[in-house]
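Below: run30.tsv (TSV, N, CA and C atoms)
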```
chain	number	residue	atom	x	y	z
A	29	MET	N	-60.14	66.33	88.04
A	29	MET	CA	-60.57	65.68	86.81
A	29	MET	C	-59.52	65.93	85.73
A	30	ALA	N	-59.49	65.09	84.75
A	30	ALA	CA	-58.50	65.16	83.68
A	30	ALA	C	-58.66	66.43	82.85
A	31	HIS	N	-57.52	66.88	82.31
A	31	HIS	CA	-57.47	68.08	81.46
A	31	HIS	C	-57.28	67.63	80.01
A	32	ILE	N	-58.15	68.12	79.13
A	32	ILE	CA	-58.10	67.77	77.72
A	32	ILE	C	-57.91	69.04	76.91
A	33	LEU	N	-56.96	69.01	76.00
A	33	LEU	CA	-56.68	70.13	75.10
A	33	LEU	C	-57.26	69.81	73.73
A	34	ILE	N	-58.11	70.71	73.24
A	34	ILE	CA	-58.66	70.60	71.89
A	34	ILE	C	-57.87	71.54	70.99
A	35	ILE	N	-57.30	71.02	69.91
A	35	ILE	CA	-56.60	71.85	68.94
A	35	ILE	C	-57.39	71.76	67.64
A	36	ASP	N	-58.14	72.82	67.35
A	36	ASP	CA	-59.03	72.82	66.18
A	36	ASP	C	-59.31	74.27	65.79
A	37	ASP	N	-59.17	74.58	64.52
A	37	ASP	CA	-59.40	75.95	64.06
A	37	ASP	C	-60.88	76.29	63.91
A	38	SER	N	-61.76	75.29	63.97
A	38	SER	CA	-63.20	75.53	63.88
A	38	SER	C	-63.76	75.78	65.27
A	39	LEU	N	-64.23	77.01	65.50
A	39	LEU	CA	-64.81	77.32	66.81
A	39	LEU	C	-66.07	76.52	67.07
A	40	VAL	N	-66.84	76.26	66.03
A	40	VAL	CA	-68.07	75.46	66.19
A	40	VAL	C	-67.71	74.05	66.65
A	41	GLU	N	-66.76	73.45	65.98
A	41	GLU	CA	-66.32	72.09	66.33
A	41	GLU	C	-65.74	72.06	67.74
A	42	ALA	N	-64.90	73.03	68.06
A	42	ALA	CA	-64.28	73.08	69.38
A	42	ALA	C	-65.33	73.26	70.48
A	43	ARG	N	-66.31	74.12	70.25
A	43	ARG	CA	-67.38	74.32	71.25
A	43	ARG	C	-68.18	73.05	71.47
A	44	MET	N	-68.45	72.33	70.38
A	44	MET	CA	-69.21	71.09	70.50
A	44	MET	C	-68.43	70.06	71.34
A	45	LEU	N	-67.14	69.89	71.03
A	45	LEU	CA	-66.31	68.95	71.78
A	45	LEU	C	-66.19	69.39	73.24
A	46	ARG	N	-65.97	70.68	73.46
A	46	ARG	CA	-65.86	71.21	74.82
A	46	ARG	C	-67.11	70.90	75.63
A	47	SER	N	-68.27	71.12	75.02
A	47	SER	CA	-69.54	70.87	75.70
A	47	SER	C	-69.67	69.41	76.10
A	48	MET	N	-69.37	68.50	75.18
A	48	MET	CA	-69.45	67.07	75.47
A	48	MET	C	-68.55	66.70	76.64
A	49	LEU	N	-67.33	67.25	76.64
A	49	LEU	CA	-66.34	66.90	77.66
A	49	LEU	C	-66.65	67.56	79.01
A	50	GLU	N	-67.01	68.84	78.99
A	50	GLU	CA	-67.30	69.53	80.25
A	50	GLU	C	-68.54	68.95	80.92
A	51	ASN	N	-69.49	68.47	80.13
A	51	ASN	CA	-70.68	67.83	80.71
A	51	ASN	C	-70.32	66.56	81.49
A	52	GLU	N	-69.17	65.99	81.19
A	52	GLU	CA	-68.69	64.80	81.91
A	52	GLU	C	-67.70	65.16	83.02
A	53	GLY	N	-67.47	66.45	83.21
A	53	GLY	CA	-66.60	66.89	84.30
A	53	GLY	C	-65.15	67.14	83.94
A	54	TYR	N	-64.79	67.01	82.68
A	54	TYR	CA	-63.41	67.24	82.27
A	54	TYR	C	-63.09	68.73	82.21
A	55	THR	N	-61.85	69.08	82.48
A	55	THR	CA	-61.35	70.43	82.27
A	55	THR	C	-60.89	70.50	80.83
A	56	VAL	N	-61.25	71.57	80.12
A	56	VAL	CA	-60.96	71.65	78.69
A	56	VAL	C	-60.28	72.98	78.36
A	57	SER	N	-59.22	72.90	77.54
A	57	SER	CA	-58.57	74.08	76.96
A	57	SER	C	-58.71	73.98	75.46
A	58	HIS	N	-58.55	75.13	74.78
A	58	HIS	CA	-58.69	75.15	73.33
A	58	HIS	C	-57.56	75.96	72.71
A	59	ALA	N	-57.05	75.47	71.60
A	59	ALA	CA	-56.09	76.19	70.77
A	59	ALA	C	-56.64	76.21	69.36
A	60	ALA	N	-56.48	77.35	68.67
A	60	ALA	CA	-57.07	77.52	67.35
A	60	ALA	C	-56.16	77.09	66.21
A	61	ASN	N	-54.91	76.72	66.52
A	61	ASN	CA	-54.00	76.23	65.46
A	61	ASN	C	-52.90	75.39	66.10
A	62	GLY	N	-52.12	74.74	65.25
A	62	GLY	CA	-51.08	73.84	65.73
A	62	GLY	C	-50.01	74.52	66.57
A	63	HIS	N	-49.56	75.72	66.16
A	63	HIS	CA	-48.54	76.44	66.93
A	63	HIS	C	-49.03	76.76	68.33
A	64	GLU	N	-50.23	77.32	68.41
A	64	GLU	CA	-50.80	77.66	69.71
A	64	GLU	C	-51.00	76.40	70.55
A	65	GLY	N	-51.43	75.32	69.92
A	65	GLY	CA	-51.64	74.05	70.61
A	65	GLY	C	-50.37	73.51	71.23
A	66	ILE	N	-49.28	73.60	70.50
A	66	ILE	CA	-47.99	73.12	71.02
A	66	ILE	C	-47.58	73.95	72.24
A	67	GLU	N	-47.75	75.27	72.15
A	67	GLU	CA	-47.40	76.14	73.28
A	67	GLU	C	-48.24	75.81	74.52
A	68	ILE	N	-49.54	75.64	74.31
A	68	ILE	CA	-50.42	75.32	75.46
A	68	ILE	C	-50.07	73.94	76.02
A	69	ALA	N	-49.82	72.98	75.15
A	69	ALA	CA	-49.48	71.63	75.61
A	69	ALA	C	-48.21	71.64	76.46
A	70	LYS	N	-47.21	72.40	76.04
A	70	LYS	CA	-45.96	72.47	76.80
A	70	LYS	C	-46.16	73.16	78.15
A	71	ALA	N	-47.03	74.16	78.18
A	71	ALA	CA	-47.25	74.92	79.42
A	71	ALA	C	-48.18	74.18	80.38
A	72	ALA	N	-49.24	73.58	79.87
A	72	ALA	CA	-50.27	73.00	80.73
A	72	ALA	C	-50.14	71.49	80.93
A	73	ILE	N	-49.44	70.80	80.05
A	73	ILE	CA	-49.29	69.34	80.08
A	73	ILE	C	-50.65	68.67	80.32
A	74	PRO	N	-51.52	68.72	79.31
A	74	PRO	CA	-52.84	68.09	79.45
A	74	PRO	C	-52.73	66.57	79.52
A	75	ASP	N	-53.80	65.92	79.92
A	75	ASP	CA	-53.84	64.46	79.99
A	75	ASP	C	-54.12	63.83	78.63
A	76	LEU	N	-54.70	64.60	77.72
A	76	LEU	CA	-55.08	64.10	76.39
A	76	LEU	C	-55.23	65.29	75.45
A	77	ILE	N	-54.88	65.08	74.18
A	77	ILE	CA	-55.05	66.11	73.16
A	77	ILE	C	-55.94	65.57	72.06
A	78	LEU	N	-56.96	66.36	71.69
A	78	LEU	CA	-57.80	66.07	70.53
A	78	LEU	C	-57.35	67.01	69.42
A	79	MET	N	-56.85	66.46	68.31
A	79	MET	CA	-56.16	67.22	67.27
A	79	MET	C	-56.88	67.15	65.94
A	80	ASP	N	-57.28	68.33	65.44
A	80	ASP	CA	-57.80	68.43	64.07
A	80	ASP	C	-56.62	68.27	63.11
A	81	VAL	N	-56.91	67.99	61.85
A	81	VAL	CA	-55.83	67.86	60.86
A	81	VAL	C	-55.70	69.12	60.01
A	82	VAL	N	-56.78	69.54	59.39
A	82	VAL	CA	-56.71	70.65	58.44
A	82	VAL	C	-56.82	71.96	59.20
A	83	MET	N	-55.66	72.62	59.38
A	83	MET	CA	-55.58	73.90	60.09
A	83	MET	C	-54.54	74.77	59.40
A	84	PRO	N	-54.67	76.09	59.53
A	84	PRO	CA	-53.66	76.98	58.94
A	84	PRO	C	-52.36	76.95	59.74
A	85	LEU	N	-51.31	77.40	59.12
A	85	LEU	CA	-49.98	77.56	59.72
A	85	LEU	C	-49.27	76.22	59.96
A	86	LEU	N	-49.82	75.39	60.77
A	86	LEU	CA	-49.22	74.10	61.10
A	86	LEU	C	-50.35	73.09	61.20
A	87	ASN	N	-50.38	72.11	60.30
A	87	ASN	CA	-51.51	71.18	60.32
A	87	ASN	C	-51.38	70.19	61.48
A	88	GLY	N	-52.43	69.43	61.68
A	88	GLY	CA	-52.48	68.51	62.81
A	88	GLY	C	-51.44	67.40	62.76
A	89	PHE	N	-51.12	66.92	61.56
A	89	PHE	CA	-50.09	65.89	61.45
A	89	PHE	C	-48.73	66.47	61.87
A	90	GLN	N	-48.43	67.69	61.43
A	90	GLN	CA	-47.16	68.33	61.79
A	90	GLN	C	-47.10	68.60	63.29
A	91	ALA	N	-48.18	69.10	63.86
A	91	ALA	CA	-48.22	69.39	65.30
A	91	ALA	C	-48.09	68.10	66.12
A	92	THR	N	-48.75	67.03	65.67
A	92	THR	CA	-48.65	65.74	66.36
A	92	THR	C	-47.21	65.25	66.35
A	93	ARG	N	-46.56	65.34	65.20
A	93	ARG	CA	-45.16	64.91	65.09
A	93	ARG	C	-44.29	65.72	66.04
A	94	GLU	N	-44.48	67.04	66.08
A	94	GLU	CA	-43.66	67.89	66.94
A	94	GLU	C	-43.89	67.57	68.42
A	95	LEU	N	-45.14	67.39	68.81
A	95	LEU	CA	-45.44	67.06	70.21
A	95	LEU	C	-44.84	65.72	70.61
A	96	ASN	N	-44.81	64.76	69.69
A	96	ASN	CA	-44.24	63.45	70.00
A	96	ASN	C	-42.73	63.44	70.02
A	97	ARG	N	-42.11	64.44	69.43
A	97	ARG	CA	-40.64	64.55	69.46
A	97	ARG	C	-40.14	65.32	70.67
A	98	CYS	N	-41.03	66.04	71.32
A	98	CYS	CA	-40.65	66.88	72.46
A	98	CYS	C	-40.69	66.06	73.75
A	99	PRO	N	-39.59	66.01	74.50
A	99	PRO	CA	-39.56	65.21	75.74
A	99	PRO	C	-40.65	65.59	76.75
A	100	GLU	N	-41.05	66.87	76.80
A	100	GLU	CA	-42.05	67.30	77.78
A	100	GLU	C	-43.46	66.82	77.43
A	101	THR	N	-43.71	66.58	76.14
A	101	THR	CA	-45.08	66.28	75.71
A	101	THR	C	-45.24	64.92	75.05
A	102	GLN	N	-44.18	64.19	74.85
A	102	GLN	CA	-44.27	62.93	74.10
A	102	GLN	C	-45.11	61.86	74.79
A	103	HIS	N	-45.33	61.99	76.07
A	103	HIS	CA	-46.16	61.01	76.80
A	103	HIS	C	-47.66	61.28	76.68
A	104	ILE	N	-48.04	62.46	76.19
A	104	ILE	CA	-49.46	62.84	76.11
A	104	ILE	C	-50.11	62.13	74.93
A	105	PRO	N	-51.16	61.35	75.16
A	105	PRO	CA	-51.84	60.70	74.04
A	105	PRO	C	-52.54	61.75	73.17
A	106	ILE	N	-52.42	61.56	71.86
A	106	ILE	CA	-53.06	62.45	70.89
A	106	ILE	C	-54.06	61.64	70.09
A	107	VAL	N	-55.28	62.15	70.01
A	107	VAL	CA	-56.33	61.54	69.19
A	107	VAL	C	-56.65	62.51	68.06
A	108	VAL	N	-56.45	62.07	66.84
A	108	VAL	CA	-56.79	62.90	65.70
A	108	VAL	C	-58.30	62.88	65.50
A	109	CYS	N	-58.88	64.06	65.30
A	109	CYS	CA	-60.31	64.22	65.05
A	109	CYS	C	-60.44	64.93	63.70
A	110	SER	N	-60.85	64.19	62.68
A	110	SER	CA	-60.83	64.77	61.33
A	110	SER	C	-61.95	64.21	60.47
A	111	SER	N	-62.31	64.97	59.46
A	111	SER	CA	-63.25	64.47	58.46
A	111	SER	C	-62.52	63.65	57.41
A	112	LYS	N	-61.19	63.69	57.43
A	112	LYS	CA	-60.39	62.86	56.51
A	112	LYS	C	-60.50	61.41	56.98
A	113	ASP	N	-60.97	60.54	56.08
A	113	ASP	CA	-61.28	59.18	56.53
A	113	ASP	C	-60.67	58.07	55.68
A	114	SER	N	-59.61	58.36	54.97
A	114	SER	CA	-59.00	57.31	54.16
A	114	SER	C	-58.00	56.49	54.99
A	115	ASP	N	-57.70	55.30	54.52
A	115	ASP	CA	-56.72	54.45	55.19
A	115	ASP	C	-55.37	55.16	55.28
A	116	THR	N	-55.03	55.94	54.26
A	116	THR	CA	-53.77	56.68	54.25
A	116	THR	C	-53.74	57.70	55.39
A	117	ASP	N	-54.86	58.36	55.63
A	117	ASP	CA	-54.93	59.33	56.73
A	117	ASP	C	-54.73	58.65	58.08
A	118	PHE	N	-55.37	57.50	58.28
A	118	PHE	CA	-55.20	56.75	59.54
A	118	PHE	C	-53.73	56.36	59.73
A	119	LEU	N	-53.14	55.82	58.67
A	119	LEU	CA	-51.75	55.38	58.74
A	119	LEU	C	-50.82	56.56	59.01
A	120	TRP	N	-51.03	57.66	58.31
A	120	TRP	CA	-50.17	58.83	58.47
A	120	TRP	C	-50.28	59.38	59.89
A	121	ALA	N	-51.49	59.42	60.44
A	121	ALA	CA	-51.68	59.90	61.81
A	121	ALA	C	-50.90	59.01	62.79
A	122	LYS	N	-51.00	57.72	62.60
A	122	LYS	CA	-50.29	56.78	63.47
A	122	LYS	C	-48.78	56.97	63.35
A	123	ARG	N	-48.29	57.16	62.13
A	123	ARG	CA	-46.85	57.37	61.93
A	123	ARG	C	-46.35	58.64	62.59
A	124	GLN	N	-47.22	59.63	62.73
A	124	GLN	CA	-46.83	60.88	63.39
A	124	GLN	C	-46.90	60.76	64.90
A	125	GLY	N	-47.51	59.68	65.39
A	125	GLY	CA	-47.57	59.44	66.83
A	125	GLY	C	-48.95	59.48	67.44
A	126	ALA	N	-49.99	59.67	66.62
A	126	ALA	CA	-51.36	59.68	67.17
A	126	ALA	C	-51.69	58.30	67.72
A	127	ARG	N	-52.42	58.28	68.82
A	127	ARG	CA	-52.79	57.01	69.45
A	127	ARG	C	-54.23	56.61	69.16
A	128	GLY	N	-54.99	57.53	68.54
A	128	GLY	CA	-56.37	57.24	68.20
A	128	GLY	C	-56.82	58.13	67.06
A	129	TYR	N	-57.99	57.81	66.49
A	129	TYR	CA	-58.49	58.56	65.33
A	129	TYR	C	-60.01	58.52	65.38
A	130	LEU	N	-60.63	59.70	65.38
A	130	LEU	CA	-62.08	59.81	65.32
A	130	LEU	C	-62.46	60.58	64.06
A	131	ILE	N	-63.49	60.11	63.38
A	131	ILE	CA	-63.95	60.75	62.16
A	131	ILE	C	-65.11	61.69	62.48
A	132	LYS	N	-65.00	62.93	62.00
A	132	LYS	CA	-66.06	63.92	62.17
A	132	LYS	C	-67.21	63.60	61.24
A	133	PRO	N	-68.45	63.85	61.63
A	133	PRO	CA	-68.86	64.45	62.90
A	133	PRO	C	-68.72	63.47	64.05
A	134	ILE	N	-68.20	63.96	65.14
A	134	ILE	CA	-67.92	63.12	66.31
A	134	ILE	C	-69.17	63.02	67.18
A	135	ARG	N	-69.49	61.81	67.56
A	135	ARG	CA	-70.64	61.55	68.43
A	135	ARG	C	-70.14	61.40	69.88
A	136	ALA	N	-70.93	61.91	70.80
A	136	ALA	CA	-70.54	61.93	72.21
A	136	ALA	C	-70.18	60.55	72.76
A	137	PRO	N	-70.99	59.50	72.53
A	137	PRO	CA	-70.62	58.19	73.12
A	137	PRO	C	-69.25	57.69	72.65
A	138	GLU	N	-68.99	57.87	71.38
A	138	GLU	CA	-67.70	57.43	70.82
A	138	GLU	C	-66.54	58.23	71.42
A	139	LEU	N	-66.71	59.54	71.49
A	139	LEU	CA	-65.67	60.40	72.06
A	139	LEU	C	-65.42	60.07	73.52
A	140	LEU	N	-66.48	60.00	74.31
A	140	LEU	CA	-66.33	59.79	75.74
A	140	LEU	C	-65.75	58.42	76.07
A	141	SER	N	-66.10	57.43	75.30
A	141	SER	CA	-65.54	56.09	75.50
A	141	SER	C	-64.03	56.11	75.26
A	142	LEU	N	-63.62	56.74	74.19
A	142	LEU	CA	-62.20	56.81	73.86
A	142	LEU	C	-61.43	57.63	74.89
A	143	VAL	N	-62.00	58.76	75.30
A	143	VAL	CA	-61.35	59.61	76.30
A	143	VAL	C	-61.18	58.86	77.61
A	144	LYS	N	-62.22	58.19	78.07
A	144	LYS	CA	-62.14	57.43	79.32
A	144	LYS	C	-61.06	56.36	79.24
A	145	ARG	N	-60.96	55.69	78.10
A	145	ARG	CA	-59.94	54.65	77.93
A	145	ARG	C	-58.53	55.25	78.08
A	146	PHE	N	-58.27	56.36	77.42
A	146	PHE	CA	-56.93	56.96	77.50
A	146	PHE	C	-56.64	57.54	78.88
A	147	ILE	N	-57.65	58.11	79.52
A	147	ILE	CA	-57.44	58.66	80.87
A	147	ILE	C	-57.15	57.52	81.85
A	148	LEU	N	-57.85	56.41	81.74
A	148	LEU	CA	-57.58	55.26	82.61
A	148	LEU	C	-56.19	54.71	82.38
A	149	GLU	N	-55.74	54.67	81.13
A	149	GLU	CA	-54.39	54.18	80.82
A	149	GLU	C	-53.33	55.05	81.46
A	150	GLN	N	-53.60	56.36	81.54
A	150	GLN	CA	-52.64	57.29	82.13
A	150	GLN	C	-52.50	57.05	83.64
A	151	GLY	N	-53.57	56.49	84.22
A	151	GLY	CA	-53.54	56.12	85.62
A	151	GLY	C	-53.77	57.25	86.55
```
Can I see the file as C-alpha cells?
Amino acid sequence: MAHILIIDDSLVEARMLRSMLENEGYTVSHAANGHEGIEIAKAAIPDLILMDVVMPLLNGFQATRELNRCPETQHIPIVVCSSKDSDTDFLWAKRQGARGYLIKPIRAPELLSLVKRFILEQG
C-alpha cells in the first residue's frame, strides 16, 4: 500500500490524519517540522506528502520549495493542509510546488478522495 508522510507540528492534527489514512490501509509516517520532514522524505521516498504551513524552524512553504528543488524528492506530490484559506495562500503554495491544497479542519472523504487521485496518478 502507498506510503504517506504527514509533516505537521500539531500532534492532534497528525494523529487525526494518520487515523483516517491507516483506516484505509495506507502506511503513514510523521514529521513534527519541515526539517525533519525533508530528512524523512529523502530517506523514505513516500508516495505523497501532506504538509502543514505554520510550523517552527522551517514553514511548510519553505519545506515544499526545498523538496521540489531536490532531485530525489521533486517527483513526490505535496498537498498543503492548512487553516490558511486566502487566494494568496493557494497561489503561494502552488508557486512553491504544491499539487493540492486542503483547508483545515480536514474531512475524511475529501482527504481520501484527493489521496486516491494522487496515488493513482503515480501508477
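Minimum atom-to-atom distances from A:Leu142, A:Leu45, A:Leu86, A:Leu78 to Pro105 of chain A were compared using only N, CA and C atoms, and the lowest value belongs to A:Leu78.
One distance worth recording is that between atom CA of Gly65 of chain A and atom CA of Ser114 of chain A, which is 24.6 Å.
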Considering only C-alpha atoms, return as an mmCIF file with N, CA and C atoms, keeping the file's coordinate frame whatever protein or nucleic-acid residues lie within 12 Å of Gly151 of chain A, sequence-local ones (same chain, fewer than 6 positions apart) excluded.
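Dumped to part.cif:
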```
data_model
loop_
_atom_site.group_PDB
_atom_site.id
_atom_site.type_symbol
_atom_site.label_atom_id
_atom_site.label_comp_id
_atom_site.auth_asym_id
_atom_site.auth_seq_id
_atom_site.Cartn_x
_atom_site.Cartn_y
_atom_site.Cartn_z
ATOM 1 N N MET A 29 -60.140 66.330 88.040
ATOM 2 C CA MET A 29 -60.570 65.680 86.810
ATOM 3 C C MET A 29 -59.520 65.930 85.730
ATOM 4 N N ALA A 30 -59.490 65.090 84.750
ATOM 5 C CA ALA A 30 -58.500 65.160 83.680
ATOM 6 C C ALA A 30 -58.660 66.430 82.850
ATOM 7 N N ASP A 75 -53.800 65.920 79.920
ATOM 8 C CA ASP A 75 -53.840 64.460 79.990
ATOM 9 C C ASP A 75 -54.120 63.830 78.630
ATOM 10 N N LYS A 144 -62.220 58.190 78.070
ATOM 11 C CA LYS A 144 -62.140 57.430 79.320
ATOM 12 C C LYS A 144 -61.060 56.360 79.240
ATOM 13 N N ARG A 145 -60.960 55.690 78.100
ATOM 14 C CA ARG A 145 -59.940 54.650 77.930
ATOM 15 C C ARG A 145 -58.530 55.250 78.080
#
```
request  = Assign secondary structure with DSSP using the backbone only, and return the residues of segment 33-82 of chain A in alpha helix (DSSP H) as a list in words.
outcome  = Leu39, Val40, Glu41, Ala42, Arg43, Met44, Leu45, Arg46, Ser47, Met48, Leu49, Glu50, Gly62, His63, Glu64, Gly65, Ile66, Glu67, Ile68, Ala69, Lys70, Ala71 and Ala72 of chain A
ask   = How far is it from atom N of Glu64 of chain A to atom N of Leu95 of chain A, in Å with one decimal?
value = 11.2 Å
inquiry  = Quick check for you: according to DSSP on this backbone, which residues of chain A are classed as strand (DSSP E)? Reply as a PyMOL selection string.
reply    = chain A and resi 31-35+55-59+76-79+106-110+128-131
Kindly export the residues of the current selection with N, CA and C atoms, as a PDB file, keeping the file's coordinate frame.
```pdb
ATOM      1  N   HIS A  31     -57.520  66.880  82.310  1.00  0.00           N
ATOM      2  CA  HIS A  31     -57.470  68.080  81.460  1.00  0.00           C
ATOM      3  C   HIS A  31     -57.280  67.630  80.010  1.00  0.00           C
ATOM      4  N   ILE A  32     -58.150  68.120  79.130  1.00  0.00           N
ATOM      5  CA  ILE A  32     -58.100  67.770  77.720  1.00  0.00           C
ATOM      6  C   ILE A  32     -57.910  69.040  76.910  1.00  0.00           C
ATOM      7  N   LEU A  33     -56.960  69.010  76.000  1.00  0.00           N
ATOM      8  CA  LEU A  33     -56.680  70.130  75.100  1.00  0.00           C
ATOM      9  C   LEU A  33     -57.260  69.810  73.730  1.00  0.00           C
ATOM     10  N   ILE A  34     -58.110  70.710  73.240  1.00  0.00           N
ATOM     11  CA  ILE A  34     -58.660  70.600  71.890  1.00  0.00           C
ATOM     12  C   ILE A  34     -57.870  71.540  70.990  1.00  0.00           C
ATOM     13  N   ILE A  35     -57.300  71.020  69.910  1.00  0.00           N
ATOM     14  CA  ILE A  35     -56.600  71.850  68.940  1.00  0.00           C
ATOM     15  C   ILE A  35     -57.390  71.760  67.640  1.00  0.00           C
ATOM     16  N   THR A  55     -61.850  69.080  82.480  1.00  0.00           N
ATOM     17  CA  THR A  55     -61.350  70.430  82.270  1.00  0.00           C
ATOM     18  C   THR A  55     -60.890  70.500  80.830  1.00  0.00           C
ATOM     19  N   VAL A  56     -61.250  71.570  80.120  1.00  0.00           N
ATOM     20  CA  VAL A  56     -60.960  71.650  78.690  1.00  0.00           C
ATOM     21  C   VAL A  56     -60.280  72.980  78.360  1.00  0.00           C
ATOM     22  N   SER A  57     -59.220  72.900  77.540  1.00  0.00           N
ATOM     23  CA  SER A  57     -58.570  74.080  76.960  1.00  0.00           C
ATOM     24  C   SER A  57     -58.710  73.980  75.460  1.00  0.00           C
ATOM     25  N   HIS A  58     -58.550  75.130  74.780  1.00  0.00           N
ATOM     26  CA  HIS A  58     -58.690  75.150  73.330  1.00  0.00           C
ATOM     27  C   HIS A  58     -57.560  75.960  72.710  1.00  0.00           C
ATOM     28  N   ALA A  59     -57.050  75.470  71.600  1.00  0.00           N
ATOM     29  CA  ALA A  59     -56.090  76.190  70.770  1.00  0.00           C
ATOM     30  C   ALA A  59     -56.640  76.210  69.360  1.00  0.00           C
ATOM     31  N   LEU A  76     -54.700  64.600  77.720  1.00  0.00           N
ATOM     32  CA  LEU A  76     -55.080  64.100  76.390  1.00  0.00           C
ATOM     33  C   LEU A  76     -55.230  65.290  75.450  1.00  0.00           C
ATOM     34  N   ILE A  77     -54.880  65.080  74.180  1.00  0.00           N
ATOM     35  CA  ILE A  77     -55.050  66.110  73.160  1.00  0.00           C
ATOM     36  C   ILE A  77     -55.940  65.570  72.060  1.00  0.00           C
ATOM     37  N   LEU A  78     -56.960  66.360  71.690  1.00  0.00           N
ATOM     38  CA  LEU A  78     -57.800  66.070  70.530  1.00  0.00           C
ATOM     39  C   LEU A  78     -57.350  67.010  69.420  1.00  0.00           C
ATOM     40  N   MET A  79     -56.850  66.460  68.310  1.00  0.00           N
ATOM     41  CA  MET A  79     -56.160  67.220  67.270  1.00  0.00           C
ATOM     42  C   MET A  79     -56.880  67.150  65.940  1.00  0.00           C
ATOM     43  N   ILE A 106     -52.420  61.560  71.860  1.00  0.00           N
ATOM     44  CA  ILE A 106     -53.060  62.450  70.890  1.00  0.00           C
ATOM     45  C   ILE A 106     -54.060  61.640  70.090  1.00  0.00           C
ATOM     46  N   VAL A 107     -55.280  62.150  70.010  1.00  0.00           N
ATOM     47  CA  VAL A 107     -56.330  61.540  69.190  1.00  0.00           C
ATOM     48  C   VAL A 107     -56.650  62.510  68.060  1.00  0.00           C
ATOM     49  N   VAL A 108     -56.450  62.070  66.840  1.00  0.00           N
ATOM     50  CA  VAL A 108     -56.790  62.900  65.700  1.00  0.00           C
ATOM     51  C   VAL A 108     -58.300  62.880  65.500  1.00  0.00           C
ATOM     52  N   CYS A 109     -58.880  64.060  65.300  1.00  0.00           N
ATOM     53  CA  CYS A 109     -60.310  64.220  65.050  1.00  0.00           C
ATOM     54  C   CYS A 109     -60.440  64.930  63.700  1.00  0.00           C
ATOM     55  N   SER A 110     -60.850  64.190  62.680  1.00  0.00           N
ATOM     56  CA  SER A 110     -60.830  64.770  61.330  1.00  0.00           C
ATOM     57  C   SER A 110     -61.950  64.210  60.470  1.00  0.00           C
ATOM     58  N   GLY A 128     -54.990  57.530  68.540  1.00  0.00           N
ATOM     59  CA  GLY A 128     -56.370  57.240  68.200  1.00  0.00           C
ATOM     60  C   GLY A 128     -56.820  58.130  67.060  1.00  0.00           C
ATOM     61  N   TYR A 129     -57.990  57.810  66.490  1.00  0.00           N
ATOM     62  CA  TYR A 129     -58.490  58.560  65.330  1.00  0.00           C
ATOM     63  C   TYR A 129     -60.010  58.520  65.380  1.00  0.00           C
ATOM     64  N   LEU A 130     -60.630  59.700  65.380  1.00  0.00           N
ATOM     65  CA  LEU A 130     -62.080  59.810  65.320  1.00  0.00           C
ATOM     66  C   LEU A 130     -62.460  60.580  64.060  1.00  0.00           C
ATOM     67  N   ILE A 131     -63.490  60.110  63.380  1.00  0.00           N
ATOM     68  CA  ILE A 131     -63.950  60.750  62.160  1.00  0.00           C
ATOM     69  C   ILE A 131     -65.110  61.690  62.480  1.00  0.00           C
TER      70      ILE A 131
END
```
task = Tell me, as JSON, numbers by chain, which residues lie within 8 Å of Val82 of chain A, counting all atoms listed in the file; anything in the same chain fewer than 2 positions away does not count.
result = {"A": [36, 37, 38, 79, 80, 84, 85, 86, 87, 88, 89, 109, 110, 111, 112]}
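Reported to one decimal place, the separation of atom CA of Ala59 of chain A from atom C of Leu148 of chain A is 24.4 Å.
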May I have the centre and edge lengths, in Å to one decimal, of an axis-aligned box around the listed atoms of segment 64-82 of chain A with 8 Å added to every side, as JSON?
```
{"center_x": -51.9, "center_y": 70.7, "center_z": 69.7, "size_x": 27.8, "size_y": 29.8, "size_z": 38.5}
```
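Near segment 121-128 of chain A, within 8 Å and counting only C-alpha atoms, sit Phe89, Gln90, Thr92, Arg93, Asn96, Pro105, Ile106, Val107, Val108, Asp117 and Phe118 of chain A; same-chain residues fewer than 3 positions away were not included.
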task = Might you pull out every residue within 8 Å of His31 of chain A, with only C-alpha atoms counted and same-chain residues fewer than 2 positions away left off, and present them as JSON, numbers by chain?
result = {"A": [29, 33, 54, 55, 56, 57, 74, 75, 76]}
remark   = Of A:Ser141, A:Ile35, A:Gln150, A:Glu41, the one sitting nearest Val81 of chain A when using all atoms listed in the file is A:Ile35
Please, could N, CA, C and O atoms be added to segment 146-151 of chain A and the result written as an mmCIF file, in the coordinates of the input?
```cif
data_model
loop_
_atom_site.group_PDB
_atom_site.id
_atom_site.type_symbol
_atom_site.label_atom_id
_atom_site.label_comp_id
_atom_site.auth_asym_id
_atom_site.auth_seq_id
_atom_site.Cartn_x
_atom_site.Cartn_y
_atom_site.Cartn_z
ATOM 1 N N PHE A 146 -58.270 56.360 77.420
ATOM 2 C CA PHE A 146 -56.930 56.960 77.500
ATOM 3 C C PHE A 146 -56.640 57.540 78.880
ATOM 4 O O PHE A 146 -55.528 57.441 79.367
ATOM 5 N N ILE A 147 -57.650 58.110 79.520
ATOM 6 C CA ILE A 147 -57.440 58.660 80.870
ATOM 7 C C ILE A 147 -57.150 57.520 81.850
ATOM 8 O O ILE A 147 -56.258 57.638 82.701
ATOM 9 N N LEU A 148 -57.850 56.410 81.740
ATOM 10 C CA LEU A 148 -57.580 55.260 82.610
ATOM 11 C C LEU A 148 -56.190 54.710 82.380
ATOM 12 O O LEU A 148 -55.506 54.299 83.322
ATOM 13 N N GLU A 149 -55.740 54.670 81.130
ATOM 14 C CA GLU A 149 -54.390 54.180 80.820
ATOM 15 C C GLU A 149 -53.330 55.050 81.460
ATOM 16 O O GLU A 149 -52.272 54.560 81.854
ATOM 17 N N GLN A 150 -53.600 56.360 81.540
ATOM 18 C CA GLN A 150 -52.640 57.290 82.130
ATOM 19 C C GLN A 150 -52.500 57.050 83.640
ATOM 20 O O GLN A 150 -51.490 57.370 84.224
ATOM 21 N N GLY A 151 -53.570 56.490 84.220
ATOM 22 C CA GLY A 151 -53.540 56.120 85.620
ATOM 23 C C GLY A 151 -53.770 57.250 86.550
ATOM 24 O O GLY A 151 -53.420 57.410 87.615
#
```
